[in-house]
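Student: Input: one structure, supplied below.
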Amino acid sequence: MGIDLQNVEALAPDQASLKAASKLLKPQKWPLLGQNPAAGLIWGECQGSGANPYRVIADTDDLGYKCTCPSRKFPCKHSLALMWMYAEEEAAFISGDVPEWVTDWVGRRRKAAGAAESEKPPGPAKSLAAAQQDEPEAAPDPRKQARQKAQAEKRARDNLRAVRNGLDELEQWIADQLRLGLAGFLNEMTDRCRQIAARMIDAKAGGLAGRLDEMPARVLVLKPEERPDALISELGKLVLLARAWRLDPEDPDLKRTVTSSETRDAVLDDPETPRVNSVWEVLDERVVTRRDGLIAQSTWLLNLRPGPQRFALLLDFFPAATGRRGNSFTAGERFQGELAFYRAGAPLRALIADRRPVEEDDGPAVWPQPGPNGLLGSWQAALDHAPWTLATPVLLPDGRICRTPGGEIWWRAGDGSGVLPVLGDVPEIAFGTNFAATAGIWNGVRCDLLAATSADWGTITLHG
């Protein structure tokens with residue numbers, strides 16, 4: 001059947017969707033565009049406001065479509081934009097093998113009989129040409145601009161004062177918990193943390209509120225005998241964080257941790273943003289529903305080329321009410337891409353600025369060797385930059401994963417030089433396998449394993 005501009009107009013649920021799709025017709029919005037004419041499929045990755053791109057697929061035969069965004073319009077603006085670009089410039093779509101995530105969708109979907117305009121009920125007239133017309137902008141009003149600037153400056157001063165007062169209250173709250181005793185605090189930890197987290201929301205310290213709200217989950221998952229030390233560590237890091245913010249409230253890393261994160265555009269437009277162009281492998285993707293009603297989607301990447309930036313974290317938040325989003329990546333997947341890192345003493349969180357499939361002439365890409373600074377050298381380096389750090393990724397040398405008769409899981413170095421307790425479970429295939437390297441997240445007490453590589457199995461995900 002093919003896709004033409006008339007199809008796009010007919011498929012659009014309304015004129016507003018076409019208008020939104022027209023704003024996505026830019027090459028920089030689509031780091032990946034592909035097609036397989038034999039299979040009748042086109043696909044792309046559209047970079048939205050978050051770290052993870054939306055994955056979009058369309059069937060050129062029956063005009064079926066799929067997008068990982070949470071939109072309640074069908075098709076969404078991303079699907080419309082993909083088909084619109086294909087109808088106007090098919091050559092922009094690189095021919096190649098169908099990716100696994102596209103094949104998975106094809107295998108699960110049921111082909112429709114078609115979606116011609118005549119088969120759809122009549123609706124309001126829609127126009128691609130109208131969608132691309134620029135709306136006239138009103139002439140700027142100097143007095144209004146001055147008033148808005150003054151209001152913004154006042155809000156900034158008020159927010160700064162509110163955060164400072166909130167941190168004073170937080171330190172007093174921590175002193176009260178220590179004075180009343182840790183045993184009572186552990187018994188009532190969830191309620192007490194929720195109360196102070198609500199106070200931090202009022203104080204414009206949203207980042208800190210989320211950290212406090214999730215603290216019980218981090219502490220109570222440990223063994224009872226480990227909880228007091230972990231709790232003291234958490235409270236001490238909060239004090240360090242509060243005092244560091246007072247010394248430099250404009251530090252981007254501190255602002256991100258205490259108040260809120262920068263927008264995607266702010267990170268990409270910042271000339272001081274660190275950028276790394278390399279081959280990346282997806283270690284694992286975690287989706288966790290937080291107590292504040294947000295879903296955190298974390299994608300961990302490993303740099304397969306030499307360089308100072310070994311790991312990267314793509315982090316997105318979205319309301320639980322929107323439902324579960326489709327996975328943006330598949331564990332073990334590799335891609336060539338430029339990542340833009342949020343500024344920090346030890347950069348980790350990143351955004352994808354540009355992406356393309358790995359080509360054969362890109363050269364060999366293999367897991368890097370662990371650093372020379374011991375098992376937890378990267379953990380110590382992270383604490384040196386930001387002593388309030390809760391966890392950091394580590395790359396462990398060759399070793400095995402073992403289970404004690406009591407059911408506890410440990411990672412053990414191949415040369416017997418060290419062992420680390422493991423958080424959670426791992427797949428049965430992992431026990432006893434000799435891994436050349438293992439990636440995990442160390443929180444100061446236990447290691448949450450992400451993935452490992454071996455000569456026998458290649459890369460396997462260790463998230464049980």
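How things are named: the first chain in the structure tokens is A, the next is B, and so on; residues count from 1 in each chain; ligands count from 1 in the order shown.
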Would you mind listing what lies within 12 Å of A:Leu314 as an mmCIF file with N, CA, C and O atoms, in the first residue's frame, with only C-alpha atoms counted and same-chain residues fewer than 5 positions away left out?
Tutor:
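Listed below is the output, around-v2.cif:
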data_model
loop_
_atom_site.group_PDB
_atom_site.id
_atom_site.type_symbol
_atom_site.label_atom_id
_atom_site.label_comp_id
_atom_site.auth_asym_id
_atom_site.auth_seq_id
_atom_site.Cartn_x
_atom_site.Cartn_y
_atom_site.Cartn_z
ATOM 1 N N GLY A 50 12.913 13.600 27.705
ATOM 2 C CA GLY A 50 13.629 12.770 28.661
ATOM 3 C C GLY A 50 14.936 12.239 28.105
ATOM 4 O O GLY A 50 15.374 12.589 27.008
ATOM 5 N N ALA A 51 15.568 11.364 28.892
ATOM 6 C CA ALA A 51 16.858 10.809 28.486
ATOM 7 C C ALA A 51 16.689 9.694 27.464
ATOM 8 O O ALA A 51 17.520 9.521 26.578
ATOM 9 N N ASN A 52 15.624 8.914 27.589
ATOM 10 C CA ASN A 52 15.410 7.783 26.696
ATOM 11 C C ASN A 52 14.582 8.189 25.491
ATOM 12 O O ASN A 52 13.533 8.849 25.651
ATOM 13 N N PRO A 53 14.980 7.834 24.286
ATOM 14 C CA PRO A 53 14.177 8.175 23.108
ATOM 15 C C PRO A 53 12.934 7.306 23.023
ATOM 16 O O PRO A 53 12.885 6.196 23.562
ATOM 17 N N ARG A 264 16.204 19.007 29.488
ATOM 18 C CA ARG A 264 17.036 18.405 28.437
ATOM 19 C C ARG A 264 17.686 19.483 27.574
ATOM 20 O O ARG A 264 18.887 19.422 27.282
ATOM 21 N N VAL A 282 24.093 -1.585 26.329
ATOM 22 C CA VAL A 282 23.041 -1.498 27.342
ATOM 23 C C VAL A 282 23.216 -2.655 28.330
ATOM 24 O O VAL A 282 23.119 -3.814 27.956
ATOM 25 N N LEU A 283 23.498 -2.318 29.573
ATOM 26 C CA LEU A 283 23.687 -3.343 30.604
ATOM 27 C C LEU A 283 22.353 -3.834 31.146
ATOM 28 O O LEU A 283 22.134 -5.041 31.299
ATOM 29 N N ASP A 284 21.486 -2.908 31.466
ATOM 30 C CA ASP A 284 20.202 -3.295 32.067
ATOM 31 C C ASP A 284 19.293 -2.080 32.081
ATOM 32 O O ASP A 284 19.751 -0.934 32.013
ATOM 33 N N GLU A 285 18.010 -2.343 32.161
ATOM 34 C CA GLU A 285 17.019 -1.280 32.285
ATOM 35 C C GLU A 285 16.120 -1.604 33.462
ATOM 36 O O GLU A 285 15.542 -2.698 33.543
ATOM 37 N N ARG A 286 16.015 -0.672 34.405
ATOM 38 C CA ARG A 286 15.212 -0.875 35.613
ATOM 39 C C ARG A 286 14.033 0.092 35.611
ATOM 40 O O ARG A 286 14.203 1.282 35.336
ATOM 41 N N VAL A 287 12.869 -0.406 35.954
ATOM 42 C CA VAL A 287 11.675 0.423 36.070
ATOM 43 C C VAL A 287 11.121 0.229 37.474
ATOM 44 O O VAL A 287 10.749 -0.882 37.849
ATOM 45 N N ALA A 296 10.343 5.648 37.916
ATOM 46 C CA ALA A 296 11.724 5.948 37.526
ATOM 47 C C ALA A 296 12.207 4.869 36.568
ATOM 48 O O ALA A 296 12.188 3.682 36.901
ATOM 49 N N GLN A 297 12.617 5.282 35.392
ATOM 50 C CA GLN A 297 13.138 4.362 34.383
ATOM 51 C C GLN A 297 14.635 4.628 34.229
ATOM 52 O O GLN A 297 15.042 5.694 33.776
ATOM 53 N N SER A 298 15.445 3.666 34.642
ATOM 54 C CA SER A 298 16.903 3.820 34.637
ATOM 55 C C SER A 298 17.505 2.863 33.618
ATOM 56 O O SER A 298 17.239 1.660 33.671
ATOM 57 N N THR A 299 18.305 3.398 32.715
ATOM 58 C CA THR A 299 18.999 2.583 31.718
ATOM 59 C C THR A 299 20.498 2.753 31.935
ATOM 60 O O THR A 299 21.021 3.873 31.837
ATOM 61 N N TRP A 300 21.187 1.654 32.220
ATOM 62 C CA TRP A 300 22.624 1.691 32.499
ATOM 63 C C TRP A 300 23.399 1.298 31.252
ATOM 64 O O TRP A 300 23.116 0.269 30.624
ATOM 65 N N LEU A 301 24.378 2.137 30.894
ATOM 66 C CA LEU A 301 25.190 1.919 29.697
ATOM 67 C C LEU A 301 26.658 1.758 30.083
ATOM 68 O O LEU A 301 27.123 2.378 31.047
ATOM 69 N N LEU A 302 27.385 0.964 29.306
ATOM 70 C CA LEU A 302 28.820 0.770 29.497
ATOM 71 C C LEU A 302 29.554 1.244 28.255
ATOM 72 O O LEU A 302 29.189 0.884 27.133
ATOM 73 N N SER A 328 12.858 1.252 26.210
ATOM 74 C CA SER A 328 13.564 2.028 25.204
ATOM 75 C C SER A 328 14.726 1.251 24.609
ATOM 76 O O SER A 328 15.138 1.507 23.479
ATOM 77 N N PHE A 329 15.273 0.312 25.378
ATOM 78 C CA PHE A 329 16.437 -0.445 24.934
ATOM 79 C C PHE A 329 16.283 -1.903 25.345
ATOM 80 O O PHE A 329 15.468 -2.235 26.207
ATOM 81 N N LEU A 339 26.866 11.033 23.875
ATOM 82 C CA LEU A 339 26.117 11.270 25.086
ATOM 83 C C LEU A 339 26.524 12.606 25.696
ATOM 84 O O LEU A 339 27.718 12.929 25.744
ATOM 85 N N ALA A 340 25.543 13.360 26.124
ATOM 86 C CA ALA A 340 25.778 14.626 26.820
ATOM 87 C C ALA A 340 25.528 14.392 28.304
ATOM 88 O O ALA A 340 24.430 13.988 28.698
ATOM 89 N N PHE A 341 26.549 14.633 29.124
ATOM 90 C CA PHE A 341 26.467 14.332 30.547
ATOM 91 C C PHE A 341 26.089 15.572 31.347
ATOM 92 O O PHE A 341 26.568 16.676 31.079
ATOM 93 N N TYR A 342 25.237 15.365 32.329
ATOM 94 C CA TYR A 342 24.941 16.430 33.282
ATOM 95 C C TYR A 342 26.227 16.786 34.015
ATOM 96 O O TYR A 342 26.969 15.899 34.445
ATOM 97 N N PRO A 347 30.748 12.844 36.462
ATOM 98 C CA PRO A 347 29.557 12.753 35.620
ATOM 99 C C PRO A 347 29.081 11.320 35.433
ATOM 100 O O PRO A 347 29.885 10.402 35.240
ATOM 101 N N LEU A 348 27.759 11.132 35.497
ATOM 102 C CA LEU A 348 27.170 9.807 35.305
ATOM 103 C C LEU A 348 25.860 9.901 34.527
ATOM 104 O O LEU A 348 25.687 9.221 33.529
ATOM 105 N N ARG A 349 24.940 10.738 35.000
ATOM 106 C CA ARG A 349 23.657 10.867 34.313
ATOM 107 C C ARG A 349 23.870 11.559 32.976
ATOM 108 O O ARG A 349 24.638 12.523 32.881
ATOM 109 N N ALA A 350 23.181 11.048 31.950
ATOM 110 C CA ALA A 350 23.439 11.557 30.597
ATOM 111 C C ALA A 350 22.173 11.583 29.761
ATOM 112 O O ALA A 350 21.125 11.043 30.144
ATOM 113 N N LEU A 351 22.286 12.226 28.603
ATOM 114 C CA LEU A 351 21.255 12.260 27.568
ATOM 115 C C LEU A 351 21.882 11.809 26.257
ATOM 116 O O LEU A 351 23.076 12.015 26.032
ATOM 117 N N ILE A 352 21.095 11.224 25.399
ATOM 118 C CA ILE A 352 21.589 10.850 24.071
ATOM 119 C C ILE A 352 21.441 12.049 23.147
ATOM 120 O O ILE A 352 20.330 12.503 22.860
ATOM 121 N N ALA A 353 22.560 12.588 22.699
ATOM 122 C CA ALA A 353 22.537 13.720 21.776
ATOM 123 C C ALA A 353 22.483 13.260 20.326
ATOM 124 O O ALA A 353 21.909 13.932 19.466
#
Student: Applying 12 Å and only C-alpha atoms, which residues near A:Leu167 remain after dropping the ones on its own chain fewer than 5 positions away? List them as a PyMOL selection string.
Tutor: chain A and resi 160-162+172-174+196-197+199-206+208-209+238-246+249+258-259
Student: Closest to A:Pro37 among A:Asp14, A:Asp248, A:Glu90, A:Asp4, using only C-alpha atoms?
Tutor: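 Counting only C-alpha atoms, the residue closest to A:Pro37 is A:Glu90.
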Student: Which residues in stretch 244-446 of chain A does DSSP call strand (DSSP E)? List them as a count of residues only.
Tutor: 73
Student: Calculate how many Å separate atom CA of A:Arg194 from atom CA of A:His463, rounding to one decimal.
Tutor: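 So the two atoms, atom CA of A:Arg194 and atom CA of A:His463, lie 28.7 Å apart.
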Student: Tell me which of A:Trp388, A:Phe335, A:Phe317, A:Trp101 sits closest to A:Asn277, counting only C-alpha atoms.
Tutor: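 Of the candidates, the smallest distance to A:Asn277 is held by A:Phe335.
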